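Text of protein-v7.tsv, listed as TSV, C-alpha atoms:
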chain	number	residue	atom	x	y	z
A	198	MET	CA	2.51	-37.71	-34.44
A	199	LYS	CA	-0.18	-38.05	-31.81
A	200	LYS	CA	2.40	-38.68	-29.06
A	201	HIS	CA	4.35	-35.62	-30.22
A	202	PHE	CA	1.21	-33.46	-30.02
A	203	VAL	CA	0.36	-34.71	-26.53
A	204	TYR	CA	3.92	-33.98	-25.40
A	205	LEU	CA	3.80	-30.43	-26.77
A	206	LEU	CA	0.37	-29.83	-25.22
A	207	GLY	CA	1.64	-31.02	-21.85
A	208	LEU	CA	4.68	-28.77	-22.13
A	209	VAL	CA	2.52	-25.75	-22.94
A	210	LEU	CA	0.18	-26.46	-20.02
A	211	ALA	CA	3.12	-26.91	-17.65
A	212	CYS	CA	4.65	-23.61	-18.74
A	213	SER	CA	1.29	-21.87	-18.41
A	214	SER	CA	0.83	-23.31	-14.92
A	215	THR	CA	4.29	-22.15	-13.88
A	216	SER	CA	3.82	-18.65	-15.22
A	217	SER	CA	0.44	-18.29	-13.54
A	218	VAL	CA	1.99	-18.68	-10.11
A	219	ALA	CA	5.25	-16.86	-10.79
A	220	TYR	CA	6.08	-14.09	-8.35
A	221	SER	CA	9.00	-12.03	-7.09
A	222	ILE	CA	10.17	-11.07	-3.60
A	223	TYR	CA	11.58	-7.59	-2.95
A	224	VAL	CA	13.86	-7.00	0.04
A	225	SER	CA	15.23	-3.65	1.27
A	226	ASN	CA	18.84	-3.81	2.47
A	227	GLU	CA	19.23	-1.02	5.01
A	228	LYS	CA	23.04	-1.03	5.14
A	229	ASP	CA	23.76	-1.45	1.41
A	230	ASN	CA	21.20	1.03	0.03
A	231	THR	CA	19.85	-1.62	-2.30
A	232	ILE	CA	16.76	-3.68	-3.11
A	233	SER	CA	17.28	-7.42	-3.71
A	234	VAL	CA	14.89	-9.12	-6.13
A	235	ILE	CA	14.33	-12.85	-5.51
A	236	ASP	CA	12.60	-15.13	-8.00
A	237	GLY	CA	9.75	-16.93	-6.24
A	238	GLU	CA	10.26	-20.15	-8.17
A	239	SER	CA	14.03	-20.62	-8.13
A	240	LEU	CA	14.47	-18.75	-4.81
A	241	GLU	CA	17.58	-17.09	-6.24
A	242	VAL	CA	18.49	-13.40	-6.28
A	243	ILE	CA	17.94	-12.23	-9.85
A	244	ASP	CA	18.77	-8.54	-9.44
A	245	THR	CA	20.17	-6.00	-6.99
A	246	ILE	CA	18.95	-2.43	-7.45
A	247	ASP	CA	20.74	0.65	-6.13
A	248	VAL	CA	18.34	3.02	-4.36
A	249	GLY	CA	18.49	5.87	-1.84
A	250	GLN	CA	20.07	5.90	1.58
A	251	ARG	CA	18.89	3.49	4.26
A	252	PRO	CA	15.85	1.86	2.64
A	253	ARG	CA	13.53	0.36	5.24
A	254	GLY	CA	9.76	0.10	4.87
A	255	ILE	CA	8.60	-0.93	1.37
A	256	VAL	CA	5.09	-1.19	-0.10
A	257	MET	CA	3.91	-2.51	-3.48
A	258	SER	CA	1.25	-0.61	-5.42
A	259	HIS	CA	-2.01	-2.52	-5.78
A	260	ASP	CA	-1.43	-3.12	-9.50
A	261	GLY	CA	2.09	-4.42	-8.86
A	262	LYS	CA	3.72	-1.80	-11.09
A	263	LEU	CA	5.40	0.42	-8.50
A	264	LEU	CA	7.44	-0.16	-5.36
A	265	TYR	CA	7.35	2.59	-2.73
A	266	MET	CA	10.48	2.72	-0.54
A	267	CYS	CA	11.16	4.65	2.67
A	268	THR	CA	14.68	5.96	1.98
A	269	SER	CA	15.08	7.09	5.54
A	270	ASP	CA	18.38	8.99	5.47
A	271	ASP	CA	17.31	10.90	2.35
A	272	ASN	CA	14.10	11.97	4.10
A	273	HIS	CA	11.79	10.97	1.28
A	274	VAL	CA	10.00	8.06	-0.38
A	275	GLN	CA	11.43	6.74	-3.63
A	276	VAL	CA	9.20	5.21	-6.32
A	277	LEU	CA	10.59	2.29	-8.31
A	278	ASP	CA	9.23	1.07	-11.64
A	279	VAL	CA	9.08	-2.69	-11.10
A	280	GLU	CA	9.35	-3.56	-14.81
A	281	THR	CA	12.35	-1.39	-15.65
A	282	ARG	CA	13.75	-1.56	-12.11
A	283	LYS	CA	14.57	2.13	-12.27
A	284	VAL	CA	13.73	4.85	-9.73
A	285	LEU	CA	11.12	7.13	-11.31
A	286	HIS	CA	10.80	9.94	-8.78
A	287	THR	CA	10.54	10.76	-5.09
A	288	LEU	CA	7.65	11.69	-2.82
A	289	PRO	CA	7.78	14.15	0.10
A	290	SER	CA	7.53	12.13	3.28
A	291	GLY	CA	8.92	14.22	6.10
A	292	PRO	CA	12.14	13.37	7.97
A	293	ASP	CA	13.24	9.78	8.59
A	294	PRO	CA	10.34	7.79	7.10
A	295	GLU	CA	10.28	4.24	8.44
A	296	LEU	CA	7.04	2.37	7.72
A	297	MET	CA	4.03	3.20	5.58
A	298	ALA	CA	0.70	1.93	4.26
A	299	LEU	CA	-1.12	2.51	0.98
A	300	SER	CA	-4.82	3.38	0.94
A	301	PRO	CA	-7.20	0.85	-0.69
A	302	ASP	CA	-7.72	3.15	-3.68
A	303	GLY	CA	-3.96	3.51	-4.12
A	304	LYS	CA	-4.10	7.31	-3.88
A	305	TYR	CA	-2.57	8.01	-0.47
A	306	LEU	CA	0.49	6.85	1.40
A	307	TYR	CA	0.45	7.10	5.19
A	308	VAL	CA	4.05	7.48	6.36
A	309	ALA	CA	5.51	7.33	9.88
A	310	ASN	CA	8.21	9.98	10.35
A	311	GLU	CA	10.30	8.82	13.27
A	312	ASP	CA	12.31	11.99	13.84
A	313	ASP	CA	9.55	14.61	14.04
A	314	ASN	CA	6.68	12.70	15.68
A	315	LEU	CA	4.36	12.98	12.69
A	316	VAL	CA	2.36	10.78	10.35
A	317	THR	CA	2.51	12.30	6.87
A	318	VAL	CA	-0.28	11.74	4.36
A	319	VAL	CA	1.05	11.86	0.79
A	320	ASP	CA	-0.96	12.08	-2.43
A	321	VAL	CA	1.01	9.73	-4.71
A	322	GLU	CA	-0.63	11.03	-7.90
A	323	GLU	CA	-0.08	14.72	-7.21
A	324	ARG	CA	3.21	13.95	-5.37
A	325	LEU	CA	2.26	16.32	-2.57
A	326	LYS	CA	1.89	16.26	1.20
A	327	VAL	CA	-1.78	16.40	2.16
A	328	VAL	CA	-1.34	16.85	5.89
A	329	GLU	CA	1.00	16.08	8.79
A	330	ILE	CA	-0.67	14.50	11.84
A	331	PRO	CA	1.05	14.96	15.22
A	332	VAL	CA	1.36	11.66	17.10
A	333	GLY	CA	3.50	10.25	19.91
A	334	ILE	CA	7.27	10.19	20.19
A	335	GLU	CA	9.14	8.12	17.59
A	336	PRO	CA	6.26	6.91	15.41
A	337	GLU	CA	7.02	3.64	13.64
A	338	GLY	CA	4.23	1.19	12.84
A	339	ILE	CA	1.46	1.92	10.36
A	340	GLY	CA	-1.58	-0.37	10.12
A	341	LEU	CA	-4.54	0.36	7.86
A	342	SER	CA	-7.97	-1.25	8.25
A	343	PRO	CA	-9.20	-3.27	5.23
A	344	ASP	CA	-11.86	-0.66	4.45
A	345	GLY	CA	-9.30	2.15	4.77
A	346	LYS	CA	-11.29	4.03	7.41
A	347	TRP	CA	-8.87	3.57	10.29
A	348	LEU	CA	-5.14	4.04	10.54
A	349	VAL	CA	-3.20	2.81	13.56
A	350	ASN	CA	0.21	4.33	14.25
A	351	THR	CA	2.53	3.08	16.99
A	352	SER	CA	4.88	5.42	18.84
A	353	GLU	CA	7.97	3.70	20.24
A	354	THR	CA	8.72	6.04	23.14
A	355	THR	CA	5.14	7.01	24.07
A	356	ASN	CA	4.22	3.28	24.02
A	357	MET	CA	0.88	3.92	22.38
A	358	ALA	CA	-1.22	2.81	19.44
A	359	HIS	CA	-2.94	5.86	17.98
A	360	PHE	CA	-6.24	5.29	16.15
A	361	ILE	CA	-6.59	7.88	13.37
A	362	ASN	CA	-9.84	8.45	11.48
A	363	THR	CA	-8.78	8.69	7.81
A	364	GLU	CA	-11.78	10.89	6.95
A	365	THR	CA	-11.13	13.55	9.58
A	366	LEU	CA	-7.37	12.80	9.80
A	367	GLU	CA	-7.58	13.18	13.57
A	368	ILE	CA	-6.65	10.85	16.43
A	369	GLU	CA	-9.79	9.45	18.05
A	370	ALA	CA	-8.21	7.06	20.57
A	371	ASN	CA	-4.86	6.30	22.19
A	372	VAL	CA	-4.23	2.80	23.50
A	373	LEU	CA	-1.37	2.22	25.92
A	374	VAL	CA	0.58	-0.92	25.02
A	375	ASP	CA	3.86	-2.39	26.24
A	376	THR	CA	7.33	-0.93	25.76
A	377	ARG	CA	8.54	0.06	22.28
A	378	PRO	CA	5.64	-0.88	20.01
A	379	ARG	CA	6.70	-1.66	16.45
A	380	VAL	CA	4.23	-3.13	13.96
A	381	ALA	CA	0.43	-2.82	13.80
A	382	GLN	CA	-1.72	-5.08	11.61
A	383	PHE	CA	-5.48	-5.41	11.25
A	384	THR	CA	-7.17	-8.78	10.88
A	385	GLN	CA	-8.87	-9.53	7.57
A	386	ASP	CA	-12.32	-8.59	8.89
A	387	GLY	CA	-11.01	-5.41	10.55
A	388	SER	CA	-12.23	-6.44	14.01
A	389	GLU	CA	-8.80	-6.58	15.67
A	390	VAL	CA	-5.45	-4.84	15.55
A	391	TRP	CA	-2.34	-6.78	16.55
A	392	VAL	CA	0.50	-4.61	17.91
A	393	SER	CA	3.99	-5.91	18.69
A	394	SER	CA	6.04	-4.45	21.54
A	395	GLU	CA	9.72	-5.12	21.00
A	396	ILE	CA	11.11	-4.45	24.48
A	397	GLY	CA	7.90	-5.36	26.32
A	398	GLY	CA	8.07	-8.78	24.68
A	399	THR	CA	4.35	-8.97	23.92
A	400	VAL	CA	1.76	-8.65	21.18
A	401	ALA	CA	-1.38	-6.75	22.19
A	402	VAL	CA	-4.62	-7.76	20.46
A	403	ILE	CA	-6.87	-4.68	20.41
A	404	ASP	CA	-10.61	-4.67	19.73
A	405	ALA	CA	-10.94	-2.23	16.81
A	406	ASP	CA	-14.43	-1.09	17.89
A	407	THR	CA	-14.01	-0.59	21.63
A	408	LYS	CA	-10.26	0.16	21.48
A	409	ASP	CA	-9.79	-2.17	24.46
A	410	ILE	CA	-6.96	-4.70	24.69
A	411	LYS	CA	-8.52	-8.17	24.46
A	412	THR	CA	-5.34	-10.03	25.41
A	413	ARG	CA	-1.58	-9.82	25.50
A	414	ILE	CA	0.35	-12.68	23.92
A	415	THR	CA	3.66	-13.56	25.59
A	416	PHE	CA	6.51	-15.73	24.33
A	417	GLU	CA	8.98	-18.11	25.93
A	418	VAL	CA	11.70	-20.06	24.15
A	419	ARG	CA	13.46	-22.71	26.20
A	420	GLY	CA	17.13	-21.87	26.75
A	421	LEU	CA	16.84	-18.23	25.67
A	422	PRO	CA	16.81	-15.24	28.05
A	423	PRO	CA	13.61	-13.16	27.87
A	424	GLU	CA	15.46	-10.06	26.68
A	425	THR	CA	16.34	-11.76	23.38
A	426	ILE	CA	12.69	-12.43	22.56
A	427	GLN	CA	11.62	-9.18	20.90
A	428	PRO	CA	8.41	-9.18	18.82
A	429	VAL	CA	8.61	-7.00	15.71
A	430	GLY	CA	7.06	-8.10	12.40
A	431	ILE	CA	3.52	-9.55	12.23
A	432	LYS	CA	1.72	-11.40	9.44
A	433	LEU	CA	-1.87	-12.54	9.90
A	434	SER	CA	-3.13	-15.25	7.58
A	435	THR	CA	-6.13	-14.65	5.32
A	436	ASP	CA	-6.33	-18.14	3.77
A	437	GLY	CA	-8.54	-19.74	6.42
A	438	SER	CA	-5.68	-21.29	8.39
A	439	ASN	CA	-6.27	-18.79	11.21
A	440	LYS	CA	-2.57	-18.45	12.06
A	441	ALA	CA	-0.49	-15.45	13.05
A	442	TYR	CA	3.27	-15.32	12.58
A	443	ILE	CA	5.40	-13.09	14.80
A	444	ALA	CA	9.06	-12.25	14.15
A	445	LEU	CA	10.98	-12.38	17.44
A	446	GLY	CA	14.11	-10.38	16.61
A	447	PRO	CA	17.42	-11.49	18.22
A	448	SER	CA	15.95	-14.84	19.28
A	449	ALA	CA	16.07	-15.98	15.63
A	450	ARG	CA	12.56	-17.39	15.95
A	451	VAL	CA	9.16	-16.91	14.35
A	452	ALA	CA	6.24	-17.70	16.65
A	453	VAL	CA	3.16	-19.46	15.26
A	454	VAL	CA	-0.01	-18.32	17.05
A	455	ASP	CA	-3.59	-19.60	16.84
A	456	MET	CA	-5.68	-16.49	16.13
A	457	SER	CA	-8.76	-17.90	17.88
A	458	THR	CA	-7.21	-19.02	21.16
A	459	PHE	CA	-4.17	-16.67	21.08
A	460	GLU	CA	-2.03	-19.65	22.09
A	461	VAL	CA	1.52	-20.01	20.79
A	462	GLU	CA	1.71	-23.30	18.90
A	463	ASP	CA	5.30	-23.37	17.71
A	464	TYR	CA	8.59	-21.53	17.33
A	465	LEU	CA	10.38	-21.76	13.99
A	466	LEU	CA	14.15	-21.31	13.86
A	467	VAL	CA	15.30	-18.73	11.28
A	468	GLY	CA	18.20	-16.26	11.00
A	469	PRO	CA	19.26	-13.87	13.79
A	470	ARG	CA	17.52	-10.49	14.16
A	471	VAL	CA	14.46	-11.62	12.25
A	472	TRP	CA	12.62	-8.40	11.55
A	473	ASN	CA	9.81	-8.45	8.97
A	474	LEU	CA	7.70	-11.09	7.25
A	475	GLU	CA	5.75	-11.67	4.05
A	476	PHE	CA	3.64	-14.48	2.60
A	477	SER	CA	3.89	-16.00	-0.83
A	478	PRO	CA	0.70	-15.29	-2.86
A	479	ASP	CA	-0.78	-18.70	-1.89
A	480	GLN	CA	0.33	-18.29	1.75
A	481	LYS	CA	2.14	-21.63	1.67
A	482	ARG	CA	5.47	-19.97	2.32
A	483	LEU	CA	6.68	-17.22	4.62
A	484	PHE	CA	9.72	-15.05	3.92
A	485	THR	CA	11.66	-13.45	6.77
A	486	THR	CA	14.32	-10.74	6.72
A	487	ASN	CA	17.23	-11.62	9.01
A	488	GLY	CA	19.35	-8.55	9.72
A	489	VAL	CA	22.43	-10.05	11.36
A	490	SER	CA	22.87	-12.99	8.97
A	491	GLY	CA	22.02	-10.87	5.91
A	492	ASP	CA	19.64	-13.38	4.41
A	493	VAL	CA	15.99	-14.28	3.86
A	494	SER	CA	14.62	-17.48	5.37
A	495	VAL	CA	12.04	-19.31	3.26
A	496	ILE	CA	9.61	-21.19	5.51
A	497	ASP	CA	7.36	-24.00	4.29
A	498	LEU	CA	4.30	-23.32	6.44
A	499	GLU	CA	2.81	-26.79	6.07
A	500	LYS	CA	6.04	-28.45	7.21
A	501	ARG	CA	6.83	-25.56	9.57
A	502	ARG	CA	10.51	-25.47	8.72
A	503	VAL	CA	12.97	-23.40	6.72
A	504	ILE	CA	13.58	-24.91	3.30
A	505	LYS	CA	16.15	-22.38	2.11
A	506	SER	CA	18.15	-19.33	3.16
A	507	VAL	CA	18.72	-16.75	0.43
A	508	LYS	CA	21.71	-14.42	0.84
A	509	VAL	CA	20.83	-10.78	0.14
A	510	GLY	CA	22.45	-7.48	1.17
A	511	ARG	CA	23.57	-6.17	4.52
A	512	LEU	CA	20.89	-5.64	7.17
A	513	PRO	CA	17.80	-6.76	5.22
A	514	TRP	CA	14.77	-4.93	6.64
A	515	GLY	CA	11.55	-4.82	4.63
A	516	VAL	CA	10.01	-7.47	2.40
A	517	VAL	CA	7.08	-7.53	-0.04
A	518	VAL	CA	5.88	-9.93	-2.73
A	519	ARG	CA	4.74	-9.06	-6.23
A	520	PRO	CA	2.37	-11.72	-7.62
Output the structure of this file as structure tokens.
Amino acid sequence: MKKHFVYLLGLVLACSSTSSVAYSIYVSNEKDNTISVIDGESLEVIDTIDVGQRPRGIVMSHDGKLLYMCTSDDNHVQVLDVETRKVLHTLPSGPDPELMALSPDGKYLYVANEDDNLVTVVDVEERLKVVEIPVGIEPEGIGLSPDGKWLVNTSETTNMAHFINTETLEIEANVLVDTRPRVAQFTQDGSEVWVSSEIGGTVAVIDADTKDIKTRITFEVRGLPPETIQPVGIKLSTDGSNKAYIALGPSARVAVVDMSTFEVEDYLLVGPRVWNLEFSPDQKRLFTTNGVSGDVSVIDLEKRRVIKSVKVGRLPWGVVVRP
């Protein structure tokens, strides 16, 4: 009887431990107009959800209940109920939304509208546009400071990072970076903004206070021509490891960078046209969307190698994790 009780207690504790770390990965498939849902434990696709046309940037609400999706060819943002996996409604975003960020209070979405050179601020509760902010040509990246006071938008053709004050909703600085900037991400303390330049082949590290470029990180992979090494997605660790991970597009590599020295430590082989990245909740794994191979690479960050490739839809683009 005692042994039976101990066994049952152990089983309950094991199940509780598993459920406490359970999470799901959501991937937007640009070509298929779907969202793939991957179970974080089994690393298998558990659902495929039909959504609007050309889903790209995706953002999870802070409470994990809603998924916001840039349905670019429909010229709006769709809102998905994560529990029912049904689209609830749409939000007005302006034409061709690509990437977006959610304010710390969860009230506003900041959306880059590639076709009309605007950043649109959307009130997600009232489902209304608040304002449209003129920026450079072909806005793409959207990075929000941890305190929500600064928004950085990148414009692909103007080759600039625009610093927008979220209180005044006006541009206060323009920083010239290298050709075709894509993603902007603030460090955890808000002191730096990392901006990838796809065609320029660099990542600019910008001082958030002075708006000066502290350094430009370059990349070189033996045996690959420079034009295939195209920085796009950026993830900056917040777990104390002090590592940055940069998706390098057609090179099928993710660069590992020391955030203190800005030195490239390693290149991890993943699928071709690696585009965007996301951590697991404990930051022990990194998930990459690989457009050409139509899969997600699962990287064990301690071992620094891919442990599994998960087949999803055609042209996977965005990726987020729901704890």
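Between atom CA of A:Ser269 and atom CA of A:Glu329 the interatomic distance comes to 17.0 Å.
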Within 7 Å of stretch 474-494 of chain A: each stretch 420-449 of chain A residue with its shortest pair, only C-alpha atoms, as JSON lines:
{"residue": "A:Gly430", "atom": "CA", "partner": "A:Leu474", "partner_atom": "CA", "distance": 6.0}
{"residue": "A:Ile431", "atom": "CA", "partner": "A:Leu474", "partner_atom": "CA", "distance": 6.7}
{"residue": "A:Lys432", "atom": "CA", "partner": "A:Leu474", "partner_atom": "CA", "distance": 6.4}
{"residue": "A:Asp436", "atom": "CA", "partner": "A:Gln480", "partner_atom": "CA", "distance": 7.0}
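Atom CA of A:Arg282 is found 22.3 Å from atom CA of A:Asp320.
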Can you measure atom CA of A:Val318 to atom CA of A:Ile361 for me? One decimal in Å is fine. 11.7 Å
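Minimum atom-to-atom distances from A:Val321, A:Ala219, A:Val234, A:Val392 to A:Val509 were compared using only C-alpha atoms, and the lowest value belongs to A:Val234.
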Would you list the contacts of stretch 289-302 of chain A as a PyMOL selection string, taking every protein, DNA or RNA residue within 7 Å and counting all atoms listed in the file, but skipping same-chain residues closer than 6 positions in sequence? chain A and resi 253-254+256+267-270+272-274+308-313+317+319+325-326+337-341+345
